[in-house]
Amino acid sequence: MFDKLAVLNEKFMEIERKMADPKISVDPEEMRKLGKSHADLLPIVTAYRRYQQLQADQKVARELLQEKPSPEEVELLQAELTDLEAQSKELEDELKLMLLPKDPNDEKNVLVEIRAGTGGEEAALFAADLFRMYIRYAEKLGWRVEMLSSNPTELGGFKEVIFLVEGKGAYSQLKFESGVHRVQRIPETETGGRIHTSAATVVVLPEAEEIELQIDPNDLRIDVYRSSGHGGQSVNTTDSAVRITHLPTGMVVTCQDEKSQLKNREKALKILRSRLLDKLQQEKQQELVSTRRSIVKSGDRSERIRTYNFPQNRLTDHRIDLTLYRLDSIIAGDLEELVSKLMISEQTAKLQAMDEGGVA
């Protein structure tokens, strides 16, 4: 570990030397790149230098203890040494976290897809509850939400809903939501008071930019048709709905929420691009799955990840064996504690993998 830190410290000093070079300082683009690298490295280099200072202070304290000081001085030096060792241990743990490999998608916007699963209309209503939960959480963090596609039911549920969340670090916090969410509650239509179990599937994808994934127009078949509402009735007199088929993969995306064919086409392409990028990343991840096993199995979307028990006001996340008895506040968008614990679990798994890999 400390070899890596020493290399990063040397790299940081080289960046500072370049930024001070008059020949480079007149190049705005180069200065922009150097400035970004400098800002990225500054936190870990500052922590590393603080750690080095703590180590130097401990060495001095130990040397003074070897000089046979008075009993009072011994007590003071030992207390100082204990404090310095505690600070060093805390800072060493922080440095380990800083060295963990960053997910390149963490700062990206996300596409969230929610689909009703088993349970009929009750599953569709639960999908709508999840949709509102994420919307409220996004609002708390000041993120922007844009509806991309929806297939509502007559009772206010969703067979499917797809939306974009724009905000710093959106993927880093919402990526843990991918999976099967199960709900246990008494439906409003249930006269016998029996608890029903239904489910919805959530998929969280990092938004793909055009520069990340180029789609050949020749690989697309684009069909247009009239939008339809409940029961199949036409809600638009023009062919504004769009269906895009990616021929090489057979992937199909439809969008009919907008009255404009152009806007529906743009939204459908945005969804398609993110799904294709996710497919490529999933394939790469499968190659590493034997050596990088994470506690939070974000790639395994078939796995039931969470249960929402309304009669007991209980939420259980099965991946980290976490149970919270405040489902009412969580479903209202209070996801901070849950997200934090999932992040810590992921970091713990990565640290364990780092230690098992013999990283020094």
# chains A, B, ... in the order shown; residues from 1 in each chain; ligands from 1

$ residues_around --residues "A:Gln261" --least-positions-apart "2" --cutoff "10 Å" --atoms "only C-alpha atoms" --output "short mmCIF file (atom, residue, chain, number, x, y, z; two decimals) with N, CA and C atoms, in the first residue's frame"
data_model
loop_
_atom_site.label_atom_id
_atom_site.label_comp_id
_atom_site.auth_asym_id
_atom_site.auth_seq_id
_atom_site.Cartn_x
_atom_site.Cartn_y
_atom_site.Cartn_z
N VAL A 224 -42.81 3.66 -36.31
CA VAL A 224 -43.64 4.66 -35.64
C VAL A 224 -45.10 4.22 -35.70
N TYR A 225 -45.85 4.58 -34.66
CA TYR A 225 -47.27 4.20 -34.61
C TYR A 225 -47.98 5.15 -33.66
N ARG A 226 -49.27 5.03 -33.58
CA ARG A 226 -50.05 5.92 -32.73
C ARG A 226 -50.01 5.46 -31.27
N THR A 238 -51.70 11.30 -34.30
CA THR A 238 -50.55 11.21 -35.20
C THR A 238 -49.65 10.05 -34.79
N ASP A 239 -48.80 9.62 -35.70
CA ASP A 239 -47.88 8.51 -35.42
C ASP A 239 -46.68 9.04 -34.63
N SER A 240 -46.86 9.28 -33.32
CA SER A 240 -45.79 9.86 -32.51
C SER A 240 -45.04 8.82 -31.71
N ALA A 241 -45.66 7.68 -31.45
CA ALA A 241 -44.97 6.63 -30.67
C ALA A 241 -43.85 6.02 -31.51
N VAL A 242 -42.77 5.62 -30.83
CA VAL A 242 -41.59 5.11 -31.53
C VAL A 242 -41.17 3.77 -30.95
N CYS A 255 -41.23 3.99 -26.87
CA CYS A 255 -41.47 5.22 -26.12
C CYS A 255 -42.64 5.96 -26.75
N GLN A 256 -43.65 6.31 -25.90
CA GLN A 256 -44.82 6.97 -26.43
C GLN A 256 -45.34 8.07 -25.50
N ASP A 257 -44.56 8.43 -24.49
CA ASP A 257 -45.02 9.41 -23.50
C ASP A 257 -45.17 10.81 -24.07
N GLU A 258 -44.31 11.15 -25.03
CA GLU A 258 -44.34 12.51 -25.59
C GLU A 258 -45.26 12.57 -26.81
N LYS A 259 -45.79 13.76 -27.07
CA LYS A 259 -46.62 13.94 -28.27
C LYS A 259 -45.76 14.12 -29.52
N LYS A 263 -39.09 13.69 -29.92
CA LYS A 263 -38.74 13.54 -28.49
C LYS A 263 -38.81 12.08 -28.06
N ASN A 264 -39.82 11.35 -28.55
CA ASN A 264 -39.92 9.94 -28.22
C ASN A 264 -38.73 9.16 -28.78
N ARG A 265 -38.31 9.54 -29.98
CA ARG A 265 -37.15 8.89 -30.60
C ARG A 265 -35.89 9.15 -29.79
N GLU A 266 -35.68 10.41 -29.33
CA GLU A 266 -34.51 10.76 -28.54
C GLU A 266 -34.48 9.98 -27.23
N LYS A 267 -35.65 9.89 -26.58
CA LYS A 267 -35.72 9.17 -25.31
C LYS A 267 -35.47 7.68 -25.50
#

$ residues_around --residues "A:Phe12" --least-positions-apart "3" --cutoff "9 Å" --atoms "only C-alpha atoms" --output "PyMOL selection string"
chain A and resi 7-9+15-17+37-38+41-42+45

$ closest_residue --among "A:Val180, A:Met343, A:Leu174, A:Leu95" --to "A:Tyr308" --atoms "only C-alpha atoms"
A:Val180

$ residues_around --residues "stretch 148-160 of chain A" --least-positions-apart "2" --cutoff "7 Å" --atoms "only C-alpha atoms" --output "number ranges by chain"
A: 114-116, 124-125, 127-128, 146, 162-164, 230, 255-257, 267

$ select_by_dssp --residues "stretch 3-252 of chain A" --states "strand (DSSP E or B)" --output "PyMOL selection string"
chain A and resi 110-116+144-152+158-166+179-185+196-206+220-225+228+234+241-246+251-252

$ atom_distance --atom1 "atom CA of A:Ala138" --atom2 "atom CA of A:Val165"
7.4 Å

$ select_by_dssp --residues "stretch 93-211 of chain A" --states "helix (DSSP H, G or I)" --output "PDB file with N, CA and C atoms, in the first residue's frame"
ATOM      1  N   ASP A  93      -6.464   3.482   7.878  1.00  0.00           N
ATOM      2  CA  ASP A  93      -7.728   2.928   7.393  1.00  0.00           C
ATOM      3  C   ASP A  93      -8.329   3.833   6.309  1.00  0.00           C
ATOM      4  N   GLU A  94      -8.241   5.151   6.511  1.00  0.00           N
ATOM      5  CA  GLU A  94      -8.752   6.101   5.522  1.00  0.00           C
ATOM      6  C   GLU A  94      -7.980   5.978   4.208  1.00  0.00           C
ATOM      7  N   LEU A  95      -6.666   5.811   4.308  1.00  0.00           N
ATOM      8  CA  LEU A  95      -5.842   5.689   3.106  1.00  0.00           C
ATOM      9  C   LEU A  95      -6.178   4.420   2.328  1.00  0.00           C
ATOM     10  N   LYS A  96      -6.487   3.336   3.037  1.00  0.00           N
ATOM     11  CA  LYS A  96      -6.884   2.099   2.373  1.00  0.00           C
ATOM     12  C   LYS A  96      -8.134   2.318   1.539  1.00  0.00           C
ATOM     13  N   LEU A  97      -9.105   3.037   2.125  1.00  0.00           N
ATOM     14  CA  LEU A  97     -10.345   3.322   1.399  1.00  0.00           C
ATOM     15  C   LEU A  97     -10.074   4.202   0.184  1.00  0.00           C
ATOM     16  N   MET A  98      -9.179   5.176   0.348  1.00  0.00           N
ATOM     17  CA  MET A  98      -8.854   6.075  -0.759  1.00  0.00           C
ATOM     18  C   MET A  98      -8.197   5.336  -1.917  1.00  0.00           C
ATOM     19  N   LEU A  99      -7.501   4.249  -1.609  1.00  0.00           N
ATOM     20  CA  LEU A  99      -6.791   3.493  -2.640  1.00  0.00           C
ATOM     21  C   LEU A  99      -7.682   2.481  -3.358  1.00  0.00           C
ATOM     22  N   GLY A 120     -49.773  -9.348 -10.104  1.00  0.00           N
ATOM     23  CA  GLY A 120     -50.830  -8.634 -10.805  1.00  0.00           C
ATOM     24  C   GLY A 120     -50.878  -7.153 -10.485  1.00  0.00           C
ATOM     25  N   GLU A 121     -52.090  -6.638 -10.217  1.00  0.00           N
ATOM     26  CA  GLU A 121     -52.278  -5.209  -9.963  1.00  0.00           C
ATOM     27  C   GLU A 121     -51.543  -4.756  -8.711  1.00  0.00           C
ATOM     28  N   GLU A 122     -51.468  -5.626  -7.708  1.00  0.00           N
ATOM     29  CA  GLU A 122     -50.755  -5.259  -6.478  1.00  0.00           C
ATOM     30  C   GLU A 122     -49.268  -5.030  -6.769  1.00  0.00           C
ATOM     31  N   ALA A 123     -48.681  -5.827  -7.677  1.00  0.00           N
ATOM     32  CA  ALA A 123     -47.283  -5.643  -8.070  1.00  0.00           C
ATOM     33  C   ALA A 123     -47.101  -4.317  -8.792  1.00  0.00           C
ATOM     34  N   ALA A 124     -48.092  -3.951  -9.616  1.00  0.00           N
ATOM     35  CA  ALA A 124     -48.031  -2.680 -10.338  1.00  0.00           C
ATOM     36  C   ALA A 124     -48.111  -1.496  -9.364  1.00  0.00           C
ATOM     37  N   LEU A 125     -48.949  -1.621  -8.338  1.00  0.00           N
ATOM     38  CA  LEU A 125     -49.056  -0.561  -7.322  1.00  0.00           C
ATOM     39  C   LEU A 125     -47.754  -0.452  -6.518  1.00  0.00           C
ATOM     40  N   PHE A 126     -47.121  -1.598  -6.258  1.00  0.00           N
ATOM     41  CA  PHE A 126     -45.838  -1.577  -5.548  1.00  0.00           C
ATOM     42  C   PHE A 126     -44.763  -0.934  -6.410  1.00  0.00           C
ATOM     43  N   ALA A 127     -44.791  -1.198  -7.723  1.00  0.00           N
ATOM     44  CA  ALA A 127     -43.841  -0.551  -8.635  1.00  0.00           C
ATOM     45  C   ALA A 127     -43.993   0.966  -8.567  1.00  0.00           C
ATOM     46  N   ALA A 128     -45.244   1.433  -8.462  1.00  0.00           N
ATOM     47  CA  ALA A 128     -45.487   2.878  -8.335  1.00  0.00           C
ATOM     48  C   ALA A 128     -44.961   3.403  -7.008  1.00  0.00           C
ATOM     49  N   ASP A 129     -45.080   2.604  -5.941  1.00  0.00           N
ATOM     50  CA  ASP A 129     -44.538   3.008  -4.633  1.00  0.00           C
ATOM     51  C   ASP A 129     -43.019   3.167  -4.703  1.00  0.00           C
ATOM     52  N   LEU A 130     -42.349   2.227  -5.372  1.00  0.00           N
ATOM     53  CA  LEU A 130     -40.896   2.308  -5.523  1.00  0.00           C
ATOM     54  C   LEU A 130     -40.508   3.538  -6.336  1.00  0.00           C
ATOM     55  N   PHE A 131     -41.280   3.786  -7.393  1.00  0.00           N
ATOM     56  CA  PHE A 131     -41.026   4.963  -8.230  1.00  0.00           C
ATOM     57  C   PHE A 131     -41.085   6.239  -7.385  1.00  0.00           C
ATOM     58  N   ARG A 132     -42.130   6.391  -6.580  1.00  0.00           N
ATOM     59  CA  ARG A 132     -42.264   7.582  -5.730  1.00  0.00           C
ATOM     60  C   ARG A 132     -41.156   7.647  -4.677  1.00  0.00           C
ATOM     61  N   MET A 133     -40.742   6.488  -4.163  1.00  0.00           N
ATOM     62  CA  MET A 133     -39.668   6.445  -3.171  1.00  0.00           C
ATOM     63  C   MET A 133     -38.374   7.022  -3.745  1.00  0.00           C
ATOM     64  N   TYR A 134     -38.033   6.606  -4.959  1.00  0.00           N
ATOM     65  CA  TYR A 134     -36.808   7.096  -5.587  1.00  0.00           C
ATOM     66  C   TYR A 134     -36.924   8.573  -5.972  1.00  0.00           C
ATOM     67  N   ILE A 135     -38.111   8.984  -6.400  1.00  0.00           N
ATOM     68  CA  ILE A 135     -38.322  10.392  -6.750  1.00  0.00           C
ATOM     69  C   ILE A 135     -38.096  11.275  -5.526  1.00  0.00           C
ATOM     70  N   ARG A 136     -38.659  10.867  -4.383  1.00  0.00           N
ATOM     71  CA  ARG A 136     -38.522  11.661  -3.155  1.00  0.00           C
ATOM     72  C   ARG A 136     -37.076  11.700  -2.680  1.00  0.00           C
ATOM     73  N   TYR A 137     -36.390  10.575  -2.799  1.00  0.00           N
ATOM     74  CA  TYR A 137     -34.970  10.532  -2.420  1.00  0.00           C
ATOM     75  C   TYR A 137     -34.158  11.469  -3.311  1.00  0.00           C
ATOM     76  N   ALA A 138     -34.438  11.437  -4.611  1.00  0.00           N
ATOM     77  CA  ALA A 138     -33.738  12.315  -5.552  1.00  0.00           C
ATOM     78  C   ALA A 138     -34.007  13.783  -5.219  1.00  0.00           C
ATOM     79  N   GLU A 139     -35.241  14.108  -4.875  1.00  0.00           N
ATOM     80  CA  GLU A 139     -35.587  15.491  -4.531  1.00  0.00           C
ATOM     81  C   GLU A 139     -34.820  15.952  -3.299  1.00  0.00           C
ATOM     82  N   LYS A 140     -34.665  15.062  -2.313  1.00  0.00           N
ATOM     83  CA  LYS A 140     -33.921  15.410  -1.099  1.00  0.00           C
ATOM     84  C   LYS A 140     -32.482  15.798  -1.416  1.00  0.00           C
ATOM     85  N   ALA A 170     -25.055  10.069  -8.643  1.00  0.00           N
ATOM     86  CA  ALA A 170     -26.340   9.349  -8.657  1.00  0.00           C
ATOM     87  C   ALA A 170     -26.133   7.841  -8.760  1.00  0.00           C
ATOM     88  N   TYR A 171     -25.238   7.414  -9.660  1.00  0.00           N
ATOM     89  CA  TYR A 171     -25.046   5.970  -9.834  1.00  0.00           C
ATOM     90  C   TYR A 171     -24.416   5.342  -8.600  1.00  0.00           C
ATOM     91  N   SER A 172     -23.496   6.052  -7.947  1.00  0.00           N
ATOM     92  CA  SER A 172     -22.814   5.503  -6.767  1.00  0.00           C
ATOM     93  C   SER A 172     -23.802   5.171  -5.660  1.00  0.00           C
ATOM     94  N   GLN A 173     -24.927   5.877  -5.593  1.00  0.00           N
ATOM     95  CA  GLN A 173     -25.885   5.658  -4.518  1.00  0.00           C
ATOM     96  C   GLN A 173     -27.078   4.800  -4.927  1.00  0.00           C
ATOM     97  N   LEU A 174     -27.427   4.818  -6.207  1.00  0.00           N
ATOM     98  CA  LEU A 174     -28.600   4.063  -6.638  1.00  0.00           C
ATOM     99  C   LEU A 174     -28.263   2.703  -7.243  1.00  0.00           C
ATOM    100  N   LYS A 175     -26.987   2.432  -7.493  1.00  0.00           N
ATOM    101  CA  LYS A 175     -26.626   1.182  -8.164  1.00  0.00           C
ATOM    102  C   LYS A 175     -26.996  -0.051  -7.339  1.00  0.00           C
ATOM    103  N   PHE A 176     -27.111   0.117  -6.020  1.00  0.00           N
ATOM    104  CA  PHE A 176     -27.442  -1.026  -5.169  1.00  0.00           C
ATOM    105  C   PHE A 176     -28.917  -1.421  -5.265  1.00  0.00           C
ATOM    106  N   GLU A 177     -29.723  -0.641  -5.975  1.00  0.00           N
ATOM    107  CA  GLU A 177     -31.163  -0.905  -6.055  1.00  0.00           C
ATOM    108  C   GLU A 177     -31.520  -1.943  -7.099  1.00  0.00           C
TER     109      GLU A 177
END

$ atom_distance --atom1 "atom CA of A:Thr323" --atom2 "atom CA of A:Val203"
22.3 Å

$ residues_around --residues "A:Ile305" --least-positions-apart "3" --cutoff "7 Å" --atoms "only C-alpha atoms" --output "PDB file with C-alpha atoms, in the first residue's frame"
ATOM      1  CA  GLY A 179     -32.654  -6.547  -8.186  1.00  0.00           C
ATOM      2  CA  VAL A 180     -35.975  -8.071  -7.199  1.00  0.00           C
ATOM      3  CA  HIS A 181     -37.901  -6.169  -4.519  1.00  0.00           C
ATOM      4  CA  ASP A 317     -32.050  -6.093   2.836  1.00  0.00           C
ATOM      5  CA  HIS A 318     -31.024  -9.725   2.373  1.00  0.00           C
ATOM      6  CA  ARG A 319     -27.568  -8.962   0.923  1.00  0.00           C
TER       7      ARG A 319
END

$ atom_distance --atom1 "atom CA of A:Val110" --atom2 "atom CA of A:Leu335"
16.7 Å
